[in-house]
Structures are given as C-alpha cells and as structure tokens.
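Trainee: File coords26.cif below, mmCIF, C-alpha atoms:
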```cif
data_start
loop_
_atom_site.label_atom_id
_atom_site.label_comp_id
_atom_site.auth_asym_id
_atom_site.auth_seq_id
_atom_site.Cartn_x
_atom_site.Cartn_y
_atom_site.Cartn_z
CA MET A 319 12.57 -10.40 -14.91
CA ASP A 320 12.76 -9.54 -11.22
CA LYS A 321 9.39 -7.89 -10.58
CA ARG A 322 10.80 -5.25 -8.23
CA LEU A 323 13.29 -4.21 -10.92
CA GLY A 324 10.42 -4.05 -13.42
CA ILE A 325 8.39 -1.80 -11.11
CA ASN A 326 11.37 0.49 -10.56
CA ALA A 327 12.09 0.57 -14.30
CA ALA A 328 8.50 1.61 -15.06
CA ILE A 329 8.74 4.53 -12.61
CA ARG A 330 12.12 5.55 -14.06
CA ARG A 331 10.73 5.30 -17.59
CA PHE A 332 7.94 7.71 -16.70
CA TYR A 333 10.34 10.19 -15.12
CA SER A 334 12.87 9.95 -17.97
CA GLN A 335 10.95 12.78 -19.68
CA LYS A 336 12.64 16.18 -19.46
CA PRO A 337 11.38 17.71 -16.19
CA VAL A 338 10.26 21.26 -15.54
CA SER A 339 12.35 21.24 -12.35
CA GLU A 340 15.41 19.06 -11.84
CA ASP A 341 15.23 19.77 -8.09
CA LEU A 342 11.70 18.36 -7.92
CA LEU A 343 12.68 15.27 -9.91
CA GLN A 344 15.68 14.69 -7.62
CA ALA A 345 13.44 14.79 -4.54
CA ILE A 346 10.83 12.49 -6.11
CA LEU A 347 13.43 9.89 -7.05
CA TYR A 348 15.10 10.16 -3.63
CA SER A 349 11.95 8.77 -2.02
CA VAL A 350 11.13 6.35 -4.84
CA ASP A 351 14.64 4.89 -4.63
CA ALA A 352 14.62 4.62 -0.83
CA GLY A 353 13.66 0.96 -1.03
CA GLY A 354 10.54 -0.57 0.41
CA LYS A 355 9.05 -3.99 -0.14
CA ARG A 356 6.86 -2.92 -3.10
CA ILE A 357 4.16 -5.14 -1.59
CA ARG A 358 1.20 -3.38 -3.21
CA PRO A 359 2.46 -3.58 -6.81
CA LEU A 360 3.80 -7.08 -6.23
CA PHE A 361 0.36 -8.27 -5.16
CA LEU A 362 -1.02 -6.97 -8.47
CA LEU A 363 1.64 -8.67 -10.59
CA GLU A 364 1.41 -12.00 -8.75
CA LEU A 365 -2.39 -11.91 -9.06
CA LEU A 366 -2.19 -11.30 -12.80
CA GLU A 367 0.15 -14.26 -13.19
CA GLY A 368 -2.16 -16.30 -10.97
CA PHE A 369 -4.90 -15.65 -13.54
CA GLY A 370 -2.56 -16.93 -16.24
CA MET A 371 -1.56 -13.60 -17.78
CA GLU A 372 1.89 -12.99 -19.23
CA LEU A 373 3.14 -9.73 -17.76
CA THR A 374 3.59 -6.79 -20.12
CA GLU A 375 5.06 -3.30 -19.83
CA ALA A 376 1.52 -1.97 -19.31
CA HIS A 377 1.06 -4.21 -16.27
CA PHE A 378 4.26 -2.83 -14.78
CA ASP A 379 2.96 0.68 -15.48
CA VAL A 380 -0.13 -0.06 -13.36
CA ALA A 381 2.08 -1.54 -10.65
CA ALA A 382 4.30 1.56 -10.77
CA ALA A 383 1.26 3.84 -10.41
CA ILE A 384 0.32 2.09 -7.16
CA GLU A 385 3.83 2.44 -5.76
CA MET A 386 4.00 6.12 -6.73
CA ILE A 387 0.79 6.90 -4.82
CA HIS A 388 2.07 4.94 -1.81
CA THR A 389 5.44 6.73 -1.83
CA GLY A 390 3.74 10.12 -2.05
CA SER A 391 1.61 9.23 0.96
CA LEU A 392 4.73 8.36 2.98
CA ILE A 393 6.36 11.70 2.14
CA HIS A 394 3.30 13.58 3.36
CA ASP A 395 2.78 11.26 6.34
CA ASP A 396 6.27 12.11 7.63
CA LEU A 397 5.79 15.90 7.48
CA PRO A 398 5.88 17.93 10.73
CA ALA A 399 2.16 18.70 10.40
CA MET A 400 1.41 14.96 10.24
CA ASP A 401 3.47 12.25 11.99
CA ASP A 402 6.63 14.42 12.13
CA ASP A 403 9.24 11.72 11.52
CA ASP A 404 12.92 12.14 10.68
CA TYR A 405 13.50 8.72 9.11
CA ARG A 406 11.76 6.52 6.58
CA ARG A 407 13.07 3.25 5.15
CA GLY A 408 16.28 3.71 7.10
CA ARG A 409 17.25 7.17 5.88
CA LEU A 410 16.26 10.81 6.24
CA THR A 411 12.69 11.62 5.32
CA ASN A 412 12.15 13.81 2.26
CA HIS A 413 11.57 17.03 4.19
CA LYS A 414 14.71 16.42 6.27
CA LYS A 415 16.83 15.68 3.21
CA PHE A 416 15.49 18.68 1.28
CA ASP A 417 12.88 20.99 2.89
CA GLU A 418 9.18 20.99 3.69
CA ALA A 419 8.05 22.78 0.53
CA THR A 420 10.00 20.34 -1.66
CA ALA A 421 8.56 17.37 0.24
CA ILE A 422 4.99 18.66 -0.17
CA LEU A 423 5.48 19.20 -3.90
CA SER A 424 7.16 15.80 -4.32
CA GLY A 425 4.17 14.15 -2.67
CA ASP A 426 1.82 16.19 -4.86
CA SER A 427 3.61 14.94 -7.97
CA LEU A 428 3.49 11.34 -6.83
CA PHE A 429 -0.26 11.64 -6.22
CA LEU A 430 -1.00 13.19 -9.63
CA ASP A 431 1.51 11.63 -12.02
CA PRO A 432 0.20 8.05 -11.72
CA PHE A 433 -3.03 8.99 -13.48
CA GLY A 434 -1.09 10.22 -16.52
CA LEU A 435 0.91 7.00 -16.44
CA LEU A 436 -2.27 4.90 -16.34
CA ALA A 437 -3.94 6.90 -19.12
CA ALA A 438 -0.99 6.22 -21.44
CA ALA A 439 -0.70 2.49 -20.61
CA ASP A 440 -1.20 0.02 -23.45
CA LEU A 441 -4.49 -1.38 -22.17
CA PRO A 442 -8.08 -1.27 -23.48
CA ASP A 443 -9.75 2.08 -22.85
CA ALA A 444 -12.50 0.56 -20.69
CA VAL A 445 -9.89 -1.12 -18.52
CA LYS A 446 -7.94 2.12 -18.12
CA VAL A 447 -11.06 4.08 -17.16
CA GLY A 448 -11.92 1.44 -14.56
CA LEU A 449 -8.41 1.50 -13.12
CA ILE A 450 -8.25 5.30 -12.98
CA GLN A 451 -11.63 5.53 -11.27
CA ALA A 452 -10.76 2.79 -8.75
CA LEU A 453 -7.33 4.25 -7.95
CA SER A 454 -8.77 7.74 -7.46
CA ARG A 455 -11.37 6.40 -5.05
CA ALA A 456 -8.84 4.27 -3.16
CA SER A 457 -6.35 7.08 -2.69
CA GLY A 458 -8.39 10.28 -2.38
CA THR A 459 -11.24 11.76 -0.35
CA PHE A 460 -13.12 8.46 -0.21
CA GLY A 461 -10.09 6.35 0.73
CA MET A 462 -6.54 6.96 1.92
CA VAL A 463 -6.65 10.75 2.30
CA GLY A 464 -10.02 10.63 4.06
CA GLY A 465 -8.64 7.98 6.41
CA GLN A 466 -5.57 10.08 7.13
CA MET A 467 -7.86 12.95 8.17
CA LEU A 468 -9.71 10.63 10.56
CA ASP A 469 -6.37 9.46 11.91
CA MET A 470 -5.11 12.98 12.58
CA ARG A 471 -8.34 13.89 14.40
CA SER A 472 -8.13 10.75 16.54
CA GLU A 473 -4.87 11.62 18.32
CA GLY A 474 -5.42 11.76 22.06
CA GLN A 475 -9.00 10.50 21.67
CA HIS A 476 -10.46 7.36 23.24
CA LEU A 477 -11.66 5.32 20.28
CA ASP A 478 -13.49 2.04 20.23
CA ILE A 479 -12.60 -0.80 17.87
CA THR A 480 -15.26 0.21 15.32
CA GLN A 481 -13.87 3.74 15.06
CA LEU A 482 -10.30 2.45 14.80
CA SER A 483 -11.27 0.01 12.07
CA ALA A 484 -12.97 2.81 10.09
CA ILE A 485 -9.75 4.85 10.17
CA HIS A 486 -7.54 2.04 8.94
CA GLU A 487 -10.04 0.62 6.49
CA ASN A 488 -9.53 3.88 4.60
CA LYS A 489 -6.05 5.13 5.51
CA THR A 490 -4.25 1.82 4.91
CA GLY A 491 -6.82 -0.61 3.58
CA ARG A 492 -8.13 1.08 0.45
CA LEU A 493 -4.77 1.34 -1.33
CA LEU A 494 -3.88 -2.21 -0.31
CA ALA A 495 -7.21 -3.46 -1.67
CA PHE A 496 -6.73 -1.65 -4.98
CA PRO A 497 -4.23 -4.17 -6.50
CA PHE A 498 -6.73 -6.96 -5.89
CA MET A 499 -9.57 -5.04 -7.54
CA ALA A 500 -7.23 -3.93 -10.33
CA ALA A 501 -6.27 -7.52 -11.11
CA GLY A 502 -9.96 -8.30 -11.63
CA ILE A 503 -10.42 -5.24 -13.85
CA ILE A 504 -7.36 -6.01 -16.00
CA THR A 505 -8.28 -9.67 -16.44
CA GLU A 506 -11.90 -8.65 -17.10
CA GLN A 507 -13.44 -10.85 -14.45
CA SER A 508 -17.13 -10.86 -13.55
CA GLN A 509 -18.39 -8.40 -10.95
CA GLU A 510 -18.81 -11.30 -8.55
CA VAL A 511 -15.14 -12.26 -8.84
CA ILE A 512 -14.02 -8.61 -8.56
CA HIS A 513 -16.12 -8.39 -5.39
CA GLN A 514 -14.35 -11.45 -3.97
CA LEU A 515 -10.95 -10.05 -4.91
CA THR A 516 -11.80 -6.71 -3.29
CA LYS A 517 -12.92 -8.52 -0.14
CA ALA A 518 -9.58 -10.34 -0.08
CA GLY A 519 -7.79 -7.01 -0.50
CA ASP A 520 -9.77 -5.48 2.37
CA LEU A 521 -8.72 -8.37 4.60
CA VAL A 522 -5.09 -7.92 3.61
CA GLY A 523 -5.36 -4.20 4.35
CA HIS A 524 -6.77 -4.98 7.78
CA ALA A 525 -4.05 -7.55 8.46
CA PHE A 526 -1.36 -5.14 7.31
CA GLN A 527 -2.49 -2.41 9.72
CA VAL A 528 -2.74 -4.79 12.66
CA ARG A 529 0.75 -6.02 11.76
CA ASP A 530 2.06 -2.45 11.55
CA ASP A 531 0.59 -1.62 14.97
CA ILE A 532 2.26 -4.70 16.49
CA LEU A 533 5.61 -3.90 14.92
CA ASP A 534 5.45 -0.28 16.10
CA LEU A 535 5.48 -1.66 19.64
CA THR A 536 7.79 -4.65 19.26
CA ALA A 537 10.33 -3.89 16.51
CA SER A 538 13.51 -1.78 16.56
CA PHE A 539 14.55 1.13 14.36
CA ASP A 540 16.77 -1.23 12.36
CA ASP A 541 13.81 -3.53 11.71
CA LEU A 542 11.37 -0.75 10.83
CA GLY A 543 13.62 1.78 9.10
CA LYS A 544 11.71 4.47 11.00
CA THR A 545 11.21 5.61 14.59
CA PRO A 546 9.43 2.93 16.66
CA LYS A 547 6.66 3.58 19.21
CA LYS A 548 5.51 6.71 17.35
CA ASP A 549 1.85 5.76 17.84
CA LEU A 550 2.41 5.42 21.57
CA GLN A 551 4.04 8.84 21.79
CA ALA A 552 1.23 10.44 19.77
CA GLU A 553 -1.38 8.74 22.00
CA LYS A 554 -2.97 7.11 18.98
CA ALA A 555 -5.41 4.27 19.38
CA THR A 556 -3.98 1.05 17.97
CA TYR A 557 -5.08 -2.57 17.89
CA PRO A 558 -2.63 -3.54 20.67
CA SER A 559 -3.72 -0.59 22.83
CA LEU A 560 -7.38 -1.62 22.53
CA LEU A 561 -7.11 -5.40 22.36
CA GLY A 562 -3.68 -6.27 23.77
CA LEU A 563 -0.81 -7.89 21.87
CA GLU A 564 -2.04 -11.47 22.09
CA LYS A 565 -5.46 -10.67 20.63
CA SER A 566 -3.81 -8.49 17.95
CA TYR A 567 -1.67 -11.44 16.82
CA GLN A 568 -4.84 -13.55 16.63
CA LEU A 569 -6.63 -10.87 14.61
CA LEU A 570 -3.73 -10.66 12.16
CA ASN A 571 -3.73 -14.41 11.58
CA GLU A 572 -7.53 -14.62 11.31
CA SER A 573 -7.54 -11.98 8.55
CA LEU A 574 -4.82 -13.81 6.65
CA ASN A 575 -6.62 -17.14 7.06
CA GLN A 576 -9.83 -15.68 5.62
CA THR A 577 -7.87 -14.28 2.67
CA GLN A 578 -6.30 -17.66 2.02
CA SER A 579 -9.79 -19.20 1.95
CA ILE A 580 -10.96 -16.75 -0.73
CA PHE A 581 -8.05 -17.63 -2.98
CA GLN A 582 -8.60 -21.31 -2.42
CA GLU A 583 -12.18 -20.84 -3.66
CA LEU A 584 -10.93 -18.95 -6.71
CA HIS A 585 -8.51 -21.80 -7.37
CA GLU A 586 -11.34 -24.31 -7.31
CA PHE A 587 -13.81 -22.37 -9.48
CA LEU A 588 -11.58 -20.35 -11.82
CA ALA A 589 -8.38 -22.38 -12.07
CA PHE A 590 -6.62 -19.45 -10.38
CA HIS A 591 -3.10 -20.42 -9.30
CA PRO A 592 -2.74 -19.18 -5.70
CA GLU A 593 0.73 -20.45 -4.76
CA LYS A 594 2.65 -17.18 -4.99
CA ILE A 595 -0.15 -15.21 -3.34
CA HIS A 596 -0.20 -17.76 -0.51
CA ASP A 597 3.56 -17.26 -0.09
CA MET A 598 3.15 -13.48 0.10
CA LEU A 599 0.38 -13.79 2.66
CA GLU A 600 2.40 -16.19 4.81
CA ARG A 601 5.27 -13.69 4.93
CA LEU A 602 2.89 -11.19 6.57
CA ARG A 603 2.41 -13.41 9.60
CA LEU A 604 4.05 -12.53 12.90
CA HIS A 605 4.66 -14.86 15.82
CA ALA A 606 4.42 -13.66 19.41
#
```
As a first step, turn the structure in this file into structure tokens.
Mentor:
Amino acid sequence: MDKRLGINAAIRRFYSQKPVSEDLLQAILYSVDAGGKRIRPLFLLELLEGFGMELTEAHFDVAAAIEMIHTGSLIHDDLPAMDDDDYRRGRLTNHKKFDEATAILSGDSLFLDPFGLLAAADLPDAVKVGLIQALSRASGTFGMVGGQMLDMRSEGQHLDITQLSAIHENKTGRLLAFPFMAAGIITEQSQEVIHQLTKAGDLVGHAFQVRDDILDLTASFDDLGKTPKKDLQAEKATYPSLLGLEKSYQLLNESLNQTQSIFQELHEFLAFHPEKIHDMLERLRLHA
C-alpha cells in the first residue's frame, strides 16, 4: 500500500462517523485534503518498518494523528492574528475559504480529535498511554504551542542564535521529533534507544526549520505553495538573517549528517534497517 494513501484513509476512516456539524467536517477535510508531503507520519511508518514491523491499521492511526495535529497547527498559523497568510499548499487558507471562526474551530478539532483516535487504536494500553502523553507534550504548552507563543513575541525583536533555537526547538522541532520517539514506544525499545531516536528527531526538527528559513528566502510561491519572504516582512529572526545563507546551508547539512550517524549506530547494534530513513533525510538537503 502507498503509505500516503494509508495515512489519508486513516483520517477519512476517523471522520466517517456522523458529524455534529457537516460545515465543520467540510472545513476540516478541506485542509486535510490540501496535500502536503506527510513527512511526519511517513517518518514514523518508515521507522517502524526499519525495526522490522509489518504495518497495521493501528500504525496508520498513529501516523494519522500526527498529521491531524500538524494540519491543525497550519490552519491556526495562517490566521490573521498569527502569520496572516492567504495561501497554504497552493490554495486558499482555511479562513479565506470559509471564515475565521470556522478555521479556528477546524484547528481545534484537529488538535483534539487525534487523542480519541489514539485511544481507540489497536495497540497495547501501555503503548497507547505513552503515545498520548508524548504527543500531548510535543504539541501543547510544553512543545509546539509554547514555541508558537515565543515566535509571536519575537517579531521585531533582535534575537541571538540561542533564543532562535529555543523557539524552533519547540514550535517546529517537538512535533517532528515525536514520530521518532513514537517508533521507539511502539516497538517497545529500551529507554536508551528511545533517547537516541528522540535525539535524531530533534536534529531532524532543527534541520527542517533551517531548511524552511532558507526556502522562505530563496523559493517561489509555486515551490512553496504559500507566500514567500513572509519572515522577512514580519521582521522575524531566522537562521539566514543571523548566520547568512552559506552558514545556514552548512547547519542544515551538519544536522542531517549527525542524524545519519545515529541511524548507522542503530543499524550496527540493533539490526535496524536505515535505508529508507537515509533516503528521506537525503531529500531534505538543499544545495546553494
């Protein structure tokens, strides 16, 4: 099965229940169906296969939960009170297609519904509790939402690299690290291995934000599917603004190289099969 189709099917399966509001469901699915690379859930599924697991419907449910949280964050991120963007993934943002109240409620649903999906997944109870706790921490006050607050307060401020890293470690990094931690929880690895996986996820989160900052400066609307140079207009601190483009490219590649090293170690000590993860990491590289 194509993994992206499996992720989409899991989300659709959850929302096939009779809704309270058809209008809300329409808005939710508008953003879910807008495309996207599904990189966070794909990392989870490729990691599980790397550990030798045969993918089940429950694994796709966990993958779907990650994508739902991510999509909800994009809906809220685009709102006028936040980044105020008209386009996402090449088409109108949720609040432009519908209205602000609908967009807020759609994002609320996509933040809350994944926990019901995880609770009902066909996995051992201890695994589900671990996943729910980790996803809550990655996406809420102590992760993505907390990082978004730091990001909003940083506009127009002169940040140093430590302050910038703290913002993105939470805003972007936590949810990107979650699939790596989740793979360790699902495959019931030792705490030491879960720590290594989480470290790899943190590095990927860092690389992804550096990459996003570079693309915001260098890519077109057609490449991004959203308005370019938004960070520049909002006077946000970015890796290129603090370090320059050349150093930012170096930082991106260094983070990816360190991640590759972790998976090479896992390959040597756990018989983890890193080939597909290596391929995904290589596709994150950019060349000046």
Trainee: Expand the PyMOL selection byres ((chain A and resi 531) around 10) into the explicit residue set it covers here, and present it as a list in words.
Mentor: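 For this structure, the PyMOL selection byres ((chain A and resi 531) around 10) resolves to Ala525, Phe526, Gln527, Val528, Arg529, Asp530, Ile532, Leu533, Asp534, Leu535, Thr536, Lys547, Lys548, Asp549, Leu550, Ala555, Thr556, Tyr557, Pro558, Ser559, Leu563 and Ser566 of chain A.
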Trainee: For stretch 425-441 of chain A, please output as an NGL selection string all residues within 7 Å (counting all atoms listed in the file; exclusion window: fewer than 2 positions along the same chain).
Mentor: :A and (376 or 379-380 or 383 or 386-387 or 390-391 or 393-394 or 421-423 or 443 or 445-446 or 450)
Trainee: Give me the residues near stretch 358-367 of chain A as a ChimeraX atom specification, where near means some atom within 10 Å (using all atoms listed in the file) and where sequence neighbours in that chain fewer than 6 positions away do not count.
Mentor: /A:321-322,325,373-374,377-386,388,493-502,504-505,515,519,590-595,598-599
Trainee: Could the residues of stretch 561-590 of chain A that have an atom at most 12 Å from stretch 601-606 of chain A be listed as CSV, each with its closest atom pair and the distance in Å to one decimal, counting only C-alpha atoms and ordered by chain and ascending residue number?
Mentor:
```
residue,atom,partner,partner_atom,distance
A:Gly562,CA,A:Ala606,CA,11.8
A:Leu563,CA,A:Ala606,CA,8.2
A:Glu564,CA,A:Ala606,CA,7.3
A:Lys565,CA,A:Ala606,CA,10.4
A:Ser566,CA,A:Ala606,CA,9.8
A:Tyr567,CA,A:Ala606,CA,7.0
A:Gln568,CA,A:His605,CA,9.6
A:Leu569,CA,A:Arg603,CA,10.6
A:Leu570,CA,A:Arg603,CA,7.2
A:Asn571,CA,A:Arg603,CA,6.5
A:Glu572,CA,A:Arg603,CA,10.2
A:Ser573,CA,A:Arg603,CA,10.1
A:Leu574,CA,A:Arg603,CA,7.8
A:Asn575,CA,A:Arg603,CA,10.1
A:Thr577,CA,A:Leu602,CA,11.9
```
Trainee: Between A:Phe587, A:Tyr348, A:Tyr405, A:Phe460, single out the one closest to A:Gly491, counting only C-alpha atoms.
Mentor: A:Phe460
Trainee: Report the distance between atom CA of A:Thr480 and atom CA of A:Asp520 in Å, rounded to one decimal place.
Mentor: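 Atom CA of A:Asp520 lies 15.2 Å from atom CA of A:Thr480.
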Trainee: Atom CA of A:Gly523 and atom CA of A:Glu600 are how many Å apart?
Mentor: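 Answer for the atom CA of A:Gly523 to atom CA of A:Glu600 separation: 14.3 Å.
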Trainee: So the first atom is atom CA of A:Leu323 and the second is atom CA of A:Gln451; what is the distance between them in Å, to one decimal place?
Mentor: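 If I compute the distance from atom CA of A:Leu323 to atom CA of A:Gln451, I get 26.8 Å.
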Trainee: Do a neighbour search on stretch 467-479 of chain A at 10 Å with only C-alpha atoms, toss out local chain neighbours closer than 5 positions, and write the hits as a VMD selection string.
Mentor: chain A and resid 399 to 401 459 462 484 to 486 488 to 489 549 551 to 557 560 to 561
Trainee: Skipping near chain neighbours, those fewer than 3 positions away, what residues fall within 9 Å of A:Leu342 using only C-alpha atoms, listed as a ChimeraX atom specification?
Mentor: /A:337-339,345-347,420-421,423-424,427
Trainee: Write to file, as a PDB file, in the frame of the given file, the residues of the selection just made, with C-alpha atoms.
Mentor:
```pdb
ATOM      1  CA  PRO A 337      11.380  17.710 -16.190  1.00  0.00           C
ATOM      2  CA  VAL A 338      10.260  21.260 -15.540  1.00  0.00           C
ATOM      3  CA  SER A 339      12.350  21.240 -12.350  1.00  0.00           C
ATOM      4  CA  ALA A 345      13.440  14.790  -4.540  1.00  0.00           C
ATOM      5  CA  ILE A 346      10.830  12.490  -6.110  1.00  0.00           C
ATOM      6  CA  LEU A 347      13.430   9.890  -7.050  1.00  0.00           C
ATOM      7  CA  THR A 420      10.000  20.340  -1.660  1.00  0.00           C
ATOM      8  CA  ALA A 421       8.560  17.370   0.240  1.00  0.00           C
ATOM      9  CA  LEU A 423       5.480  19.200  -3.900  1.00  0.00           C
ATOM     10  CA  SER A 424       7.160  15.800  -4.320  1.00  0.00           C
ATOM     11  CA  SER A 427       3.610  14.940  -7.970  1.00  0.00           C
TER      12      SER A 427
END
```
Trainee: Can you list, as a PyMOL selection string, every protein, DNA or RNA residue that comes within 10 Å of A:Gly353 when you count all atoms listed in the file, leaving out same-chain residues fewer than 5 positions away?
Mentor: chain A and resi 322+326+348+406-409
Trainee: Between A:Asp395, A:Asp404, A:His413, A:Asp341, which is the closest to A:Phe539 once you count all atoms listed in the file?
Mentor: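 Counting all atoms listed in the file, the residue closest to A:Phe539 is A:Asp404.
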Trainee: Determine the axis-aligned bounding box of all atoms of stretch 417-425 of chain A present in the file, pad each side by 3 Å, and express its centre and edge lengths in Å to one decimal place as lines of an AutoDock Vina configuration file.
Mentor:
```
center_x = 8.5
center_y = 18.5
center_z = -0.3
size_x = 14.7
size_y = 14.6
size_z = 14.0
```
Trainee: Return the single residue from A:Glu375, A:Ser508, A:Ser349, A:Gly368 that is closest to A:Lys415, with distances computed using all atoms listed in the file.
Mentor: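 Among the listed residues, A:Ser349 lies closest to A:Lys415.
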Trainee: Using all atoms listed in the file, find the one residue out of A:Ala444, A:Ala352, A:Gln466, A:Leu482 that sits nearest to A:Asn412.
Mentor: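 Ranking A:Ala444, A:Ala352, A:Gln466, A:Leu482 by distance to A:Asn412, first place goes to A:Ala352.
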Trainee: With distances taken over all atoms listed in the file, which residue among A:Val522, A:Leu584, A:Asp540, A:Gly458 lies nearest A:Gln507?
Mentor: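 Among the listed residues, the smallest separation from A:Gln507 belongs to A:Leu584.
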Trainee: Using all atoms listed in the file, which of the listed residues (A:Gln344, A:Thr490, A:Ser538, A:Glu510) sits closest to A:Ser457?
Mentor: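 Residue with the minimum atom-to-atom distance to A:Ser457: A:Thr490.
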Trainee: Could I see stretch 334-358 of chain A restored to N, CA and C atoms, set down as a JSON list (two decimals), in the coordinates of the input?
Mentor:
```json
[["chain", "number", "residue", "atom", "x", "y", "z"],
["A", 334, "SER", "N", 11.74, 9.69, -17.05],
["A", 334, "SER", "CA", 12.87, 9.95, -17.97],
["A", 334, "SER", "C", 12.57, 11.13, -18.90],
["A", 335, "GLN", "N", 11.30, 11.59, -18.91],
["A", 335, "GLN", "CA", 10.95, 12.78, -19.68],
["A", 335, "GLN", "C", 11.67, 14.00, -19.10],
["A", 336, "LYS", "N", 11.95, 14.98, -19.94],
["A", 336, "LYS", "CA", 12.64, 16.18, -19.46],
["A", 336, "LYS", "C", 11.75, 16.90, -18.46],
["A", 337, "PRO", "N", 12.23, 17.10, -17.22],
["A", 337, "PRO", "CA", 11.38, 17.71, -16.19],
["A", 337, "PRO", "C", 11.35, 19.23, -16.28],
["A", 338, "VAL", "N", 10.32, 19.80, -15.69],
["A", 338, "VAL", "CA", 10.26, 21.26, -15.54],
["A", 338, "VAL", "C", 11.29, 21.70, -14.51],
["A", 339, "SER", "N", 11.42, 20.92, -13.44],
["A", 339, "SER", "CA", 12.35, 21.24, -12.35],
["A", 339, "SER", "C", 13.20, 20.02, -12.02],
["A", 340, "GLU", "N", 14.49, 20.14, -12.21],
["A", 340, "GLU", "CA", 15.41, 19.06, -11.84],
["A", 340, "GLU", "C", 15.42, 18.83, -10.33],
["A", 341, "ASP", "N", 15.25, 19.90, -9.55],
["A", 341, "ASP", "CA", 15.23, 19.77, -8.09],
["A", 341, "ASP", "C", 14.04, 18.93, -7.64],
["A", 342, "LEU", "N", 12.88, 19.15, -8.26],
["A", 342, "LEU", "CA", 11.70, 18.36, -7.92],
["A", 342, "LEU", "C", 11.92, 16.90, -8.29],
["A", 343, "LEU", "N", 12.45, 16.65, -9.47],
["A", 343, "LEU", "CA", 12.68, 15.27, -9.91],
["A", 343, "LEU", "C", 13.66, 14.57, -8.97],
["A", 344, "GLN", "N", 14.70, 15.27, -8.55],
["A", 344, "GLN", "CA", 15.68, 14.69, -7.62],
["A", 344, "GLN", "C", 15.00, 14.26, -6.32],
["A", 345, "ALA", "N", 14.12, 15.11, -5.81],
["A", 345, "ALA", "CA", 13.44, 14.79, -4.54],
["A", 345, "ALA", "C", 12.47, 13.63, -4.71],
["A", 346, "ILE", "N", 11.75, 13.60, -5.84],
["A", 346, "ILE", "CA", 10.83, 12.49, -6.11],
["A", 346, "ILE", "C", 11.59, 11.17, -6.13],
["A", 347, "LEU", "N", 12.68, 11.14, -6.90],
["A", 347, "LEU", "CA", 13.43, 9.89, -7.05],
["A", 347, "LEU", "C", 14.16, 9.50, -5.77],
["A", 348, "TYR", "N", 14.49, 10.47, -4.93],
["A", 348, "TYR", "CA", 15.10, 10.16, -3.63],
["A", 348, "TYR", "C", 14.18, 9.25, -2.83],
["A", 349, "SER", "N", 12.89, 9.59, -2.80],
["A", 349, "SER", "CA", 11.95, 8.77, -2.02],
["A", 349, "SER", "C", 11.57, 7.49, -2.75],
["A", 350, "VAL", "N", 11.43, 7.56, -4.06],
["A", 350, "VAL", "CA", 11.13, 6.35, -4.84],
["A", 350, "VAL", "C", 12.24, 5.32, -4.68],
["A", 351, "ASP", "N", 13.48, 5.79, -4.68],
["A", 351, "ASP", "CA", 14.64, 4.89, -4.63],
["A", 351, "ASP", "C", 15.04, 4.49, -3.21],
["A", 352, "ALA", "N", 14.24, 4.90, -2.22],
["A", 352, "ALA", "CA", 14.62, 4.62, -0.83],
["A", 352, "ALA", "C", 14.42, 3.16, -0.43],
["A", 353, "GLY", "N", 13.86, 2.37, -1.33],
["A", 353, "GLY", "CA", 13.66, 0.96, -1.03],
["A", 353, "GLY", "C", 12.19, 0.67, -0.80],
["A", 354, "GLY", "N", 11.91, -0.15, 0.18],
["A", 354, "GLY", "CA", 10.54, -0.57, 0.41],
["A", 354, "GLY", "C", 10.29, -1.93, -0.21],
["A", 355, "LYS", "N", 9.31, -2.62, 0.30],
["A", 355, "LYS", "CA", 9.05, -3.99, -0.14],
["A", 355, "LYS", "C", 8.27, -4.06, -1.44],
["A", 356, "ARG", "N", 7.66, -2.94, -1.88],
["A", 356, "ARG", "CA", 6.86, -2.92, -3.10],
["A", 356, "ARG", "C", 5.70, -3.93, -3.01],
["A", 357, "ILE", "N", 5.15, -4.09, -1.81],
["A", 357, "ILE", "CA", 4.16, -5.14, -1.59],
["A", 357, "ILE", "C", 2.88, -4.90, -2.37],
["A", 358, "ARG", "N", 2.45, -3.67, -2.50],
["A", 358, "ARG", "CA", 1.20, -3.38, -3.21],
["A", 358, "ARG", "C", 1.33, -3.72, -4.70]]
```
